[in-house]
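Okay, protein.pdb is below, PDB, C-alpha atoms:
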ATOM      1  CA  MET A   1      50.931 117.745 112.124
ATOM      2  CA  GLN A   2      47.994 119.661 110.685
ATOM      3  CA  PHE A   3      44.631 117.929 110.605
ATOM      4  CA  ILE A   4      43.232 118.314 107.092
ATOM      5  CA  ASP A   5      39.956 116.479 106.447
ATOM      6  CA  GLN A   6      38.924 117.991 103.082
ATOM      7  CA  ALA A   7      40.847 118.359  99.852
ATOM      8  CA  ARG A   8      40.214 119.077  96.194
ATOM      9  CA  ILE A   9      42.392 117.368  93.608
ATOM     10  CA  SER A  10      42.482 116.672  89.878
ATOM     11  CA  THR A  11      43.372 113.247  88.521
ATOM     12  CA  ARG A  12      44.483 112.592  84.968
ATOM     13  CA  GLY A  13      45.069 109.213  83.384
ATOM     14  CA  GLY A  14      48.055 108.794  81.100
ATOM     15  CA  ARG A  15      47.700 109.282  77.354
ATOM     16  CA  GLY A  16      47.901 106.178  75.214
ATOM     17  CA  GLY A  17      50.940 105.804  72.974
ATOM     18  CA  ASP A  18      50.605 106.184  69.197
ATOM     19  CA  GLY A  19      50.644 103.260  66.827
ATOM     20  CA  ILE A  20      53.166 103.404  63.978
ATOM     21  CA  ALA A  21      53.384 102.545  60.286
ATOM     22  CA  ALA A  22      56.273 100.173  59.551
ATOM     23  CA  PHE A  23      57.074  97.360  57.087
ATOM     24  CA  ARG A  24      59.133  94.234  57.390
ATOM     25  CA  ARG A  25      62.506  94.366  55.737
ATOM     26  CA  GLU A  26      63.902  90.845  55.667
ATOM     27  CA  LYS A  27      66.226  89.122  53.263
ATOM     28  CA  TYR A  28      64.513  86.615  50.987
ATOM     29  CA  VAL A  29      61.079  87.954  52.019
ATOM     30  CA  PRO A  30      59.940  89.941  48.982
ATOM     31  CA  ALA A  31      56.578  90.929  50.453
ATOM     32  CA  GLY A  32      57.173  91.416  54.153
ATOM     33  CA  GLY A  33      53.998  93.340  54.755
ATOM     34  CA  PRO A  34      53.056  95.861  57.421
ATOM     35  CA  SER A  35      54.545  95.383  60.911
ATOM     36  CA  GLY A  36      53.728  98.565  62.807
ATOM     37  CA  GLY A  37      53.055  97.906  66.513
ATOM     38  CA  ASP A  38      50.370  99.327  68.775
ATOM     39  CA  GLY A  39      50.972 102.050  71.309
ATOM     40  CA  GLY A  40      50.946 101.229  75.019
ATOM     41  CA  HIS A  41      47.970 102.107  77.200
ATOM     42  CA  GLY A  42      48.143 105.127  79.504
ATOM     43  CA  GLY A  43      48.466 104.482  83.229
ATOM     44  CA  HIS A  44      45.466 104.631  85.574
ATOM     45  CA  VAL A  45      45.249 106.866  88.639
ATOM     46  CA  VAL A  46      44.196 104.779  91.654
ATOM     47  CA  LEU A  47      43.235 105.841  95.179
ATOM     48  CA  GLU A  48      44.086 103.313  97.895
ATOM     49  CA  ALA A  49      43.106 103.361 101.578
ATOM     50  CA  ASP A  50      46.093 103.243 103.935
ATOM     51  CA  SER A  51      45.667 102.664 107.682
ATOM     52  CA  ASN A  52      48.936 104.498 108.396
ATOM     53  CA  LEU A  53      47.504 107.868 107.306
ATOM     54  CA  GLN A  54      45.286 109.988 109.548
ATOM     55  CA  THR A  55      44.870 113.200 107.546
ATOM     56  CA  LEU A  56      44.647 114.580 103.998
ATOM     57  CA  LEU A  57      47.627 116.856 104.596
ATOM     58  CA  ASP A  58      49.467 115.389 101.583
ATOM     59  CA  PHE A  59      46.944 117.086  99.295
ATOM     60  CA  LYS A  60      47.277 120.588 100.726
ATOM     61  CA  TYR A  61      50.042 121.656  98.352
ATOM     62  CA  LYS A  62      49.832 119.149  95.514
ATOM     63  CA  ARG A  63      46.550 119.134  93.594
ATOM     64  CA  LEU A  64      47.251 117.521  90.193
ATOM     65  CA  PHE A  65      48.005 113.813  89.989
ATOM     66  CA  ALA A  66      48.812 112.451  86.535
ATOM     67  CA  ALA A  67      49.779 108.904  85.580
ATOM     68  CA  ASP A  68      52.467 108.091  83.026
ATOM     69  CA  ASP A  69      51.734 108.121  79.294
ATOM     70  CA  GLY A  70      52.033 104.993  77.173
ATOM     71  CA  LYS A  71      54.915 104.688  74.717
ATOM     72  CA  ARG A  72      54.522 104.525  70.956
ATOM     73  CA  GLY A  73      54.605 101.180  69.197
ATOM     74  CA  GLY A  74      57.655  99.727  67.482
ATOM     75  CA  PRO A  75      58.461  97.795  64.290
ATOM     76  CA  ASN A  76      57.994  94.037  64.014
ATOM     77  CA  LYS A  77      54.598  94.439  65.686
ATOM     78  CA  ARG A  78      56.143  95.433  69.008
ATOM     79  CA  THR A  79      53.643  97.035  71.387
ATOM     80  CA  GLY A  80      54.757 100.129  73.221
ATOM     81  CA  VAL A  81      55.247 100.057  76.994
ATOM     82  CA  SER A  82      52.122 100.929  78.950
ATOM     83  CA  GLY A  83      52.250 103.821  81.406
ATOM     84  CA  ARG A  84      52.774 102.979  85.061
ATOM     85  CA  GLU A  85      49.792 103.074  87.366
ATOM     86  CA  LEU A  86      49.828 105.992  89.816
ATOM     87  CA  VAL A  87      48.695 104.894  93.299
ATOM     88  CA  ILE A  88      47.653 107.681  95.681
ATOM     89  CA  LYS A  89      47.439 106.735  99.361
ATOM     90  CA  VAL A  90      44.540 108.198 101.368
ATOM     91  CA  PRO A  91      43.393 107.618 104.978
ATOM     92  CA  CYS A  92      40.828 104.936 105.704
ATOM     93  CA  GLY A  93      37.390 106.555 105.835
ATOM     94  CA  THR A  94      37.907 108.848 102.841
ATOM     95  CA  GLU A  95      34.879 109.600 100.683
ATOM     96  CA  VAL A  96      35.555 110.431  97.039
ATOM     97  CA  ARG A  97      33.062 112.619  95.177
ATOM     98  CA  HIS A  98      32.962 114.279  91.795
ATOM     99  CA  LEU A  99      33.676 117.918  92.556
ATOM    100  CA  THR A 100      31.114 119.391  90.144
ATOM    101  CA  THR A 101      28.176 117.009  90.530
ATOM    102  CA  GLY A 102      28.772 115.843  94.096
ATOM    103  CA  ILE A 103      28.167 112.218  93.044
ATOM    104  CA  LEU A 104      29.745 109.717  95.442
ATOM    105  CA  LEU A 105      32.312 107.699  93.492
ATOM    106  CA  GLY A 106      33.676 105.596  96.313
ATOM    107  CA  ASP A 107      34.045 105.210 100.076
ATOM    108  CA  LEU A 108      37.462 103.872 101.034
ATOM    109  CA  ILE A 109      36.918 102.334 104.466
ATOM    110  CA  GLU A 110      38.904  99.116 104.686
ATOM    111  CA  PRO A 111      42.723  99.191 104.362
ATOM    112  CA  GLY A 112      43.774  98.270 100.843
ATOM    113  CA  THR A 113      40.457  99.286  99.247
ATOM    114  CA  ARG A 114      41.162 100.744  95.805
ATOM    115  CA  LEU A 115      39.263 103.072  93.488
ATOM    116  CA  VAL A 116      40.265 103.924  89.932
ATOM    117  CA  ALA A 117      39.981 107.711  89.904
ATOM    118  CA  ALA A 118      40.956 108.192  86.240
ATOM    119  CA  PHE A 119      41.419 105.560  83.538
ATOM    120  CA  GLY A 120      44.355 105.849  81.186
ATOM    121  CA  GLY A 121      43.796 106.276  77.455
ATOM    122  CA  ARG A 122      43.941 103.383  74.995
ATOM    123  CA  GLY A 123      47.007 102.978  72.833
ATOM    124  CA  GLY A 124      46.763 103.650  69.100
ATOM    125  CA  LEU A 125      46.798 100.875  66.492
ATOM    126  CA  GLY A 126      49.748 100.164  64.225
ATOM    127  CA  ASN A 127      49.354  99.677  60.498
ATOM    128  CA  ALA A 128      49.550  95.888  60.919
ATOM    129  CA  HIS A 129      45.873  96.039  61.942
ATOM    130  CA  TYR A 130      44.843  97.449  58.571
ATOM    131  CA  LEU A 131      46.189  94.698  56.328
ATOM    132  CA  SER A 132      43.493  93.367  53.974
ATOM    133  CA  ASN A 133      43.135  91.695  50.609
ATOM    134  CA  ARG A 134      42.470  95.063  49.021
ATOM    135  CA  ASN A 135      45.278  96.874  50.795
ATOM    136  CA  ARG A 136      48.450  94.842  51.126
ATOM    137  CA  ALA A 137      50.610  97.799  52.183
ATOM    138  CA  PRO A 138      48.512 100.004  54.479
ATOM    139  CA  GLU A 139      50.114 103.117  55.839
ATOM    140  CA  LYS A 140      47.269 103.936  58.183
ATOM    141  CA  PHE A 141      47.792 104.011  61.963
ATOM    142  CA  THR A 142      45.980 105.718  64.828
ATOM    143  CA  GLU A 143      47.104 107.965  67.631
ATOM    144  CA  GLY A 144      46.667 107.125  71.294
ATOM    145  CA  ARG A 145      43.707 108.507  73.200
ATOM    146  CA  ASP A 146      43.882 110.949  76.063
ATOM    147  CA  GLY A 147      43.298 109.627  79.566
ATOM    148  CA  GLU A 148      40.358 110.643  81.710
ATOM    149  CA  GLU A 149      40.632 113.798  83.786
ATOM    150  CA  TRP A 150      38.360 114.376  86.770
ATOM    151  CA  PRO A 151      38.114 117.003  89.525
ATOM    152  CA  LEU A 152      37.546 115.248  92.852
ATOM    153  CA  GLN A 153      36.491 116.227  96.360
ATOM    154  CA  LEU A 154      38.054 114.145  99.145
ATOM    155  CA  GLU A 155      36.376 114.119 102.558
ATOM    156  CA  LEU A 156      37.798 112.250 105.527
ATOM    157  CA  LYS A 157      35.285 110.904 108.013
ATOM    158  CA  LEU A 158      37.002 109.343 110.994
ATOM    159  CA  LEU A 159      36.358 105.688 111.699
ATOM    160  CA  ALA A 160      35.260 105.516 115.337
ATOM    161  CA  GLU A 161      32.602 103.386 116.990
ATOM    162  CA  VAL A 162      31.928 105.866 119.791
ATOM    163  CA  GLY A 163      31.753 109.651 119.438
ATOM    164  CA  ILE A 164      31.926 112.026 122.416
ATOM    165  CA  ILE A 165      29.934 115.221 121.872
ATOM    166  CA  GLY A 166      28.906 118.231 123.927
ATOM    167  CA  LEU A 167      29.343 121.969 124.325
ATOM    168  CA  PRO A 168      32.852 123.429 124.694
ATOM    169  CA  ASN A 169      34.458 122.598 128.064
ATOM    170  CA  ALA A 170      32.003 119.799 128.816
ATOM    171  CA  GLY A 171      34.991 117.568 129.567
ATOM    172  CA  LYS A 172      35.215 115.565 126.349
ATOM    173  CA  SER A 173      39.009 115.724 126.068
ATOM    174  CA  THR A 174      39.443 114.844 129.731
ATOM    175  CA  LEU A 175      37.177 111.826 129.340
ATOM    176  CA  ILE A 176      38.996 110.412 126.314
ATOM    177  CA  ALA A 177      42.335 111.070 128.034
ATOM    178  CA  VAL A 178      41.434 109.037 131.141
ATOM    179  CA  LEU A 179      39.795 106.225 129.169
ATOM    180  CA  SER A 180      42.573 105.784 126.602
ATOM    181  CA  ALA A 181      46.175 106.633 125.798
ATOM    182  CA  ALA A 182      45.134 109.747 123.861
ATOM    183  CA  ARG A 183      46.721 112.971 125.073
ATOM    184  CA  PRO A 184      44.654 115.880 123.753
ATOM    185  CA  LYS A 185      45.285 119.468 124.783
ATOM    186  CA  ILE A 186      43.209 120.288 127.862
ATOM    187  CA  ALA A 187      42.624 123.786 129.240
ATOM    188  CA  ASP A 188      39.952 125.768 131.078
ATOM    189  CA  TYR A 189      38.826 127.901 128.143
ATOM    190  CA  PRO A 190      36.350 127.181 125.315
ATOM    191  CA  PHE A 191      37.473 125.545 122.071
ATOM    192  CA  THR A 192      40.627 124.049 123.554
ATOM    193  CA  THR A 193      40.129 121.138 121.187
ATOM    194  CA  LEU A 194      40.534 122.318 117.599
ATOM    195  CA  ILE A 195      40.703 118.927 115.892
ATOM    196  CA  PRO A 196      39.050 115.557 116.529
ATOM    197  CA  ASN A 197      41.072 113.272 118.785
ATOM    198  CA  LEU A 198      41.016 109.499 118.591
ATOM    199  CA  GLY A 199      41.661 107.114 121.466
ATOM    200  CA  VAL A 200      41.486 103.334 121.749
ATOM    201  CA  VAL A 201      39.630 101.964 124.783
ATOM    202  CA  ARG A 202      40.069  98.309 125.683
ATOM    203  CA  ARG A 203      36.989  96.140 125.768
ATOM    204  CA  PRO A 204      36.513  93.401 128.380
ATOM    205  CA  SER A 205      37.476  90.907 125.660
ATOM    206  CA  GLY A 206      40.793  92.694 125.132
ATOM    207  CA  ASP A 207      39.940  94.158 121.746
ATOM    208  CA  GLY A 208      40.132  97.883 121.171
ATOM    209  CA  THR A 209      37.240 100.252 120.494
ATOM    210  CA  VAL A 210      37.965 103.625 118.909
ATOM    211  CA  PHE A 211      36.506 106.666 120.681
ATOM    212  CA  ALA A 212      36.455 110.093 118.966
ATOM    213  CA  ASP A 213      36.467 113.394 120.860
ATOM    214  CA  ILE A 214      34.648 115.866 118.601
ATOM    215  CA  PRO A 215      35.371 119.606 119.050
ATOM    216  CA  GLY A 216      32.651 121.454 120.939
ATOM    217  CA  LEU A 217      29.375 122.320 119.303
ATOM    218  CA  ILE A 218      27.637 125.645 119.811
ATOM    219  CA  ALA A 219      24.286 127.019 118.727
ATOM    220  CA  GLY A 220      24.281 127.332 114.949
ATOM    221  CA  ALA A 221      27.040 124.749 114.410
ATOM    222  CA  ALA A 222      25.048 122.951 111.704
ATOM    223  CA  GLN A 223      24.937 126.229 109.763
ATOM    224  CA  GLY A 224      28.677 126.800 110.139
ATOM    225  CA  ALA A 225      29.018 128.584 113.497
ATOM    226  CA  GLY A 226      32.011 127.683 115.630
ATOM    227  CA  LEU A 227      33.850 124.456 114.844
ATOM    228  CA  GLY A 228      30.956 121.993 114.905
ATOM    229  CA  HIS A 229      30.006 122.264 111.242
ATOM    230  CA  ASP A 230      33.536 121.319 110.196
ATOM    231  CA  PHE A 231      33.657 118.214 112.360
ATOM    232  CA  LEU A 232      30.088 116.932 112.630
ATOM    233  CA  ARG A 233      30.859 114.711 109.628
ATOM    234  CA  HIS A 234      33.248 112.726 111.806
ATOM    235  CA  ILE A 235      30.432 111.272 113.905
ATOM    236  CA  GLU A 236      28.428 110.094 110.880
ATOM    237  CA  ARG A 237      30.132 106.684 111.033
ATOM    238  CA  THR A 238      29.851 106.184 114.796
ATOM    239  CA  ARG A 239      27.566 103.521 116.220
ATOM    240  CA  LEU A 240      27.074 105.250 119.564
ATOM    241  CA  LEU A 241      27.297 108.822 120.873
ATOM    242  CA  ILE A 242      28.195 109.911 124.405
ATOM    243  CA  HIS A 243      26.599 113.282 125.057
ATOM    244  CA  LEU A 244      28.425 115.057 127.881
ATOM    245  CA  VAL A 245      26.684 117.820 129.803
ATOM    246  CA  ASP A 246      28.630 120.100 132.138
ATOM    247  CA  ALA A 247      27.209 119.868 135.660
ATOM    248  CA  GLY A 248      28.785 123.233 136.493
ATOM    249  CA  SER A 249      26.856 125.026 133.746
ATOM    250  CA  ASP A 250      24.351 127.745 134.612
ATOM    251  CA  ASP A 251      21.633 125.802 132.754
ATOM    252  CA  PRO A 252      22.472 122.131 131.973
ATOM    253  CA  VAL A 253      19.047 121.552 130.404
ATOM    254  CA  GLU A 254      19.586 124.374 127.915
ATOM    255  CA  ASP A 255      23.045 122.980 127.118
ATOM    256  CA  LEU A 256      21.394 119.661 126.368
ATOM    257  CA  ARG A 257      18.837 121.263 124.054
ATOM    258  CA  VAL A 258      21.481 123.215 122.114
ATOM    259  CA  VAL A 259      23.412 120.088 121.148
ATOM    260  CA  GLU A 260      20.273 118.065 120.430
ATOM    261  CA  GLN A 261      19.041 120.837 118.128
ATOM    262  CA  GLU A 262      22.331 120.901 116.234
ATOM    263  CA  LEU A 263      22.229 117.135 115.688
ATOM    264  CA  LYS A 264      18.714 117.490 114.310
ATOM    265  CA  ALA A 265      19.652 120.433 112.076
ATOM    266  CA  TYR A 266      22.697 118.662 110.647
ATOM    267  CA  GLY A 267      20.684 115.599 109.637
ATOM    268  CA  HIS A 268      22.381 112.479 108.242
ATOM    269  CA  GLY A 269      20.524 110.434 110.871
ATOM    270  CA  LEU A 270      22.537 111.781 113.809
ATOM    271  CA  VAL A 271      19.479 112.670 115.875
ATOM    272  CA  ASP A 272      18.383 109.021 115.687
ATOM    273  CA  ARG A 273      21.829 107.640 116.569
ATOM    274  CA  PRO A 274      21.896 105.686 119.866
ATOM    275  CA  ARG A 275      23.474 107.840 122.546
ATOM    276  CA  LEU A 276      24.170 107.927 126.243
ATOM    277  CA  LEU A 277      23.417 111.087 128.195
ATOM    278  CA  VAL A 278      26.108 111.727 130.785
ATOM    279  CA  LEU A 279      26.386 114.490 133.386
ATOM    280  CA  ASN A 280      30.063 115.289 133.876
ATOM    281  CA  LYS A 281      31.904 117.245 136.601
ATOM    282  CA  LYS A 282      29.614 116.072 139.386
ATOM    283  CA  GLU A 283      32.102 117.496 141.902
ATOM    284  CA  LEU A 284      30.944 120.976 140.921
ATOM    285  CA  VAL A 285      27.398 120.381 142.232
ATOM    286  CA  GLN A 286      26.306 120.102 145.826
ATOM    287  CA  GLU A 287      25.225 116.566 146.727
ATOM    288  CA  SER A 288      21.827 117.867 147.766
ATOM    289  CA  ASP A 289      21.307 119.558 144.383
ATOM    290  CA  LEU A 290      22.512 116.664 142.208
ATOM    291  CA  PRO A 291      19.240 114.623 142.202
ATOM    292  CA  GLY A 292      17.326 117.671 140.971
ATOM    293  CA  VAL A 293      19.762 118.307 138.102
ATOM    294  CA  LEU A 294      19.584 114.654 137.036
ATOM    295  CA  ALA A 295      15.780 114.694 137.187
ATOM    296  CA  ASP A 296      15.590 117.830 135.052
ATOM    297  CA  LEU A 297      17.843 116.281 132.396
ATOM    298  CA  GLU A 298      15.881 113.041 132.377
ATOM    299  CA  ASN A 299      12.587 114.898 131.995
ATOM    300  CA  ALA A 300      13.955 117.047 129.163
ATOM    301  CA  SER A 301      15.551 114.165 127.258
ATOM    302  CA  GLY A 302      13.399 111.165 128.103
ATOM    303  CA  ARG A 303      16.608 109.198 128.745
ATOM    304  CA  ASN A 304      18.393 107.829 131.775
ATOM    305  CA  VAL A 305      21.294 110.033 132.806
ATOM    306  CA  SER A 306      24.633 108.740 134.085
ATOM    307  CA  CYS A 307      26.648 110.892 136.467
ATOM    308  CA  ILE A 308      30.442 110.891 136.320
ATOM    309  CA  SER A 309      33.525 112.947 137.014
ATOM    310  CA  ALA A 310      36.122 112.418 134.307
ATOM    311  CA  ALA A 311      38.691 114.519 136.170
ATOM    312  CA  MET A 312      38.200 112.597 139.441
ATOM    313  CA  GLY A 313      37.743 109.202 137.758
ATOM    314  CA  THR A 314      34.324 108.682 139.341
ATOM    315  CA  ASN A 315      31.814 106.170 137.889
ATOM    316  CA  LEU A 316      33.851 105.625 134.712
ATOM    317  CA  ASN A 317      33.568 101.841 134.947
ATOM    318  CA  GLU A 318      29.796 102.126 135.057
ATOM    319  CA  LEU A 319      29.893 104.378 131.989
ATOM    320  CA  LEU A 320      31.988 101.863 130.068
ATOM    321  CA  GLU A 321      29.627  99.056 131.040
ATOM    322  CA  ASN A 322      26.767 101.051 129.513
ATOM    323  CA  VAL A 323      28.851 101.607 126.353
ATOM    324  CA  TRP A 324      29.635  97.908 125.966
ATOM    325  CA  ASN A 325      26.000  96.998 126.527
ATOM    326  CA  GLU A 326      24.875  99.443 123.823
ATOM    327  CA  LEU A 327      27.495  98.113 121.406
ATOM    328  CA  GLY A 328      26.568  94.521 122.181
ATOM    329  CA  VAL A 329      30.073  93.639 123.336
TER     330      VAL A 329
END
In structure tokens, how does this file's structure come out?
Amino acid sequence: MQFIDQARISTRGGRGGDGIAAFRREKYVPAGGPSGGDGGHGGHVVLEADSNLQTLLDFKYKRLFAADDGKRGGPNKRTGVSGRELVIKVPCGTEVRHLTTGILLGDLIEPGTRLVAAFGGRGGLGNAHYLSNRNRAPEKFTEGRDGEEWPLQLELKLLAEVGIIGLPNAGKSTLIAVLSAARPKIADYPFTTLIPNLGVVRRPSGDGTVFADIPGLIAGAAQGAGLGHDFLRHIERTRLLIHLVDAGSDDPVEDLRVVEQELKAYGHGLVDRPRLLVLNKKELVQESDLPGVLADLENASGRNVSCISAAMGTNLNELLENVWNELGV
């Protein structure tokens, strides 16, 4: 299944039905009077968050969503049938913005949250509404109004409490694979991960915490280089970041600075987000050299540095304890 996290759609509410001009025709009623009914209202277009969806793939090929029109009124003051509401399912975590102005219209986070994306038009009035002492046989009626039509930008931002970030091949996919039931593609070349991966890690209480493996950042990601710009939005909702640094890198401190700079350049408060600095692949460093690498990272970041090996399963329990402490679990 393709991972689509942005989509542009148009929503159009149904047109209201027309009112009609009609008169009562009953035996022994010499002056029946006007009896034209109102038209039905047009249907609304509604967006609804659905926890069973994980992507905006449904909007890749279909762009226009229009609700049903209302029906015209009938005689004997019968109101026309209103148009059916059109409900569009979207993944939880979808932001809805006006395409032209960029104004945020709604943020559908919780399952079942609904947003009216386009109101249907009002139905027209039948001639029964225009009866007066001066006009006992009005023939006036009004047409239904058009529904609203709006161009919308949908952006999916994954709902995860913990985001795992780092340069390509820092071991992010391996870490989420050993901590959870997620099975991302893992290989020894850069940009193996092309889409964010979600995994559920069990807390000590038994509840699940969602971890997100974000595709590798590179220098210039905030300006669109590599894959980072496309997926940095997915860590905007996280409460905690795990920053993985590859111990086998030629310059771990420079790797650290590259990612930190991209977080700062992207904005949205990511540089101030609580995060754990973790040195991964400790098996690639000589034991005698490891204290020096850790000291350099601590001096450059001003943070304590954990040391793990996701592939070997080393010190993962200690890492999770730090995560739970930061989350207040």
Resolved residues for the PyMOL selection byres ((chain A and resi 252) around 12) as JSON, numbers by chain: {"A": [166, 167, 170, 243, 244, 245, 246, 247, 248, 249, 250, 251, 253, 254, 255, 256, 257, 258, 259, 277, 278, 279, 280, 281, 282, 285, 290, 292, 293, 294, 295, 296, 297, 298, 300, 301]}
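Our summary of the geometry notes that CA of Thr314 in chain A is positioned 23.1 Å from CA of Pro215 in chain A.
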Shell around range 12-18 of chain A at 8 Å using all atoms listed in the file, local window under 3 positions removed, as a ChimeraX atom specification: /A:38-45,64-73,80,82-83,118-126,142-150
Selected residue, from A:Glu139, A:Leu152, A:Ala49, A:Ser306, that lies nearest to Leu104 in chain A when counting all atoms listed in the file: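 Closest residue, counting all atoms listed in the file: A:Leu152.
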Might you pull out every residue within 7 Å of Pro196 in chain A, with all atoms listed in the file counted and same-chain residues fewer than 4 positions away left off, and present them as a compact mmCIF listing (two decimals) with C-alpha atoms, keeping the file's coordinate frame?
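Final output, saved to around_33.txt:
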# COMPACT_ATOMS: atom_id res chain seq x y z
CA ALA A 212 36.46 110.09 118.97
CA ASP A 213 36.47 113.39 120.86
CA ILE A 214 34.65 115.87 118.60
CA PRO A 215 35.37 119.61 119.05
Å distance separating CA of Val271 in chain A from CA of Arg237 in chain A, one decimal place: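 Calculated distance between CA of Val271 in chain A and CA of Arg237 in chain A is 13.1 Å.
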Resolved residues for the PyMOL selection byres ((chain A and resi 6) around 8) as a ChimeraX atom specification: /A:4-5,7-8,56,153-156
Please reconstruct the missing atoms of range 61-72 of chain A (target: N, CA, C and O atoms) and return them as a PDB file, keeping the file's coordinate frame.
ATOM      1  N   TYR A  61      49.198 120.890  99.266  1.00  0.00           N
ATOM      2  CA  TYR A  61      50.042 121.656  98.352  1.00  0.00           C
ATOM      3  C   TYR A  61      50.117 121.047  96.959  1.00  0.00           C
ATOM      4  O   TYR A  61      50.460 121.742  96.009  1.00  0.00           O
ATOM      5  N   LYS A  62      49.822 119.761  96.834  1.00  0.00           N
ATOM      6  CA  LYS A  62      49.832 119.149  95.514  1.00  0.00           C
ATOM      7  C   LYS A  62      48.409 118.809  95.134  1.00  0.00           C
ATOM      8  O   LYS A  62      47.718 118.086  95.871  1.00  0.00           O
ATOM      9  N   ARG A  63      47.955 119.297  93.989  1.00  0.00           N
ATOM     10  CA  ARG A  63      46.550 119.134  93.594  1.00  0.00           C
ATOM     11  C   ARG A  63      46.387 118.279  92.332  1.00  0.00           C
ATOM     12  O   ARG A  63      45.340 117.676  92.154  1.00  0.00           O
ATOM     13  N   LEU A  64      47.386 118.255  91.452  1.00  0.00           N
ATOM     14  CA  LEU A  64      47.251 117.521  90.193  1.00  0.00           C
ATOM     15  C   LEU A  64      48.053 116.229  90.268  1.00  0.00           C
ATOM     16  O   LEU A  64      49.245 116.240  90.588  1.00  0.00           O
ATOM     17  N   PHE A  65      47.365 115.125  89.974  1.00  0.00           N
ATOM     18  CA  PHE A  65      48.005 113.813  89.989  1.00  0.00           C
ATOM     19  C   PHE A  65      47.792 113.171  88.622  1.00  0.00           C
ATOM     20  O   PHE A  65      46.650 112.884  88.234  1.00  0.00           O
ATOM     21  N   ALA A  66      48.889 112.973  87.901  1.00  0.00           N
ATOM     22  CA  ALA A  66      48.812 112.451  86.535  1.00  0.00           C
ATOM     23  C   ALA A  66      49.654 111.183  86.424  1.00  0.00           C
ATOM     24  O   ALA A  66      50.799 111.137  86.887  1.00  0.00           O
ATOM     25  N   ALA A  67      49.056 110.160  85.810  1.00  0.00           N
ATOM     26  CA  ALA A  67      49.779 108.904  85.580  1.00  0.00           C
ATOM     27  C   ALA A  67      50.663 109.032  84.338  1.00  0.00           C
ATOM     28  O   ALA A  67      50.532 109.972  83.543  1.00  0.00           O
ATOM     29  N   ASP A  68      51.542 108.066  84.160  1.00  0.00           N
ATOM     30  CA  ASP A  68      52.467 108.091  83.026  1.00  0.00           C
ATOM     31  C   ASP A  68      51.748 107.792  81.712  1.00  0.00           C
ATOM     32  O   ASP A  68      50.775 107.020  81.674  1.00  0.00           O
ATOM     33  N   ASP A  69      52.258 108.397  80.634  1.00  0.00           N
ATOM     34  CA  ASP A  69      51.734 108.121  79.294  1.00  0.00           C
ATOM     35  C   ASP A  69      52.287 106.793  78.776  1.00  0.00           C
ATOM     36  O   ASP A  69      53.374 106.340  79.180  1.00  0.00           O
ATOM     37  N   GLY A  70      51.531 106.182  77.861  1.00  0.00           N
ATOM     38  CA  GLY A  70      52.033 104.993  77.173  1.00  0.00           C
ATOM     39  C   GLY A  70      53.049 105.376  76.104  1.00  0.00           C
ATOM     40  O   GLY A  70      53.055 106.503  75.602  1.00  0.00           O
ATOM     41  N   LYS A  71      53.898 104.439  75.745  1.00  0.00           N
ATOM     42  CA  LYS A  71      54.915 104.688  74.717  1.00  0.00           C
ATOM     43  C   LYS A  71      54.394 104.251  73.346  1.00  0.00           C
ATOM     44  O   LYS A  71      53.518 103.395  73.235  1.00  0.00           O
ATOM     45  N   ARG A  72      54.952 104.874  72.310  1.00  0.00           N
ATOM     46  CA  ARG A  72      54.522 104.525  70.956  1.00  0.00           C
ATOM     47  C   ARG A  72      54.992 103.118  70.599  1.00  0.00           C
ATOM     48  O   ARG A  72      55.944 102.596  71.177  1.00  0.00           O
TER      49      ARG A  72
END
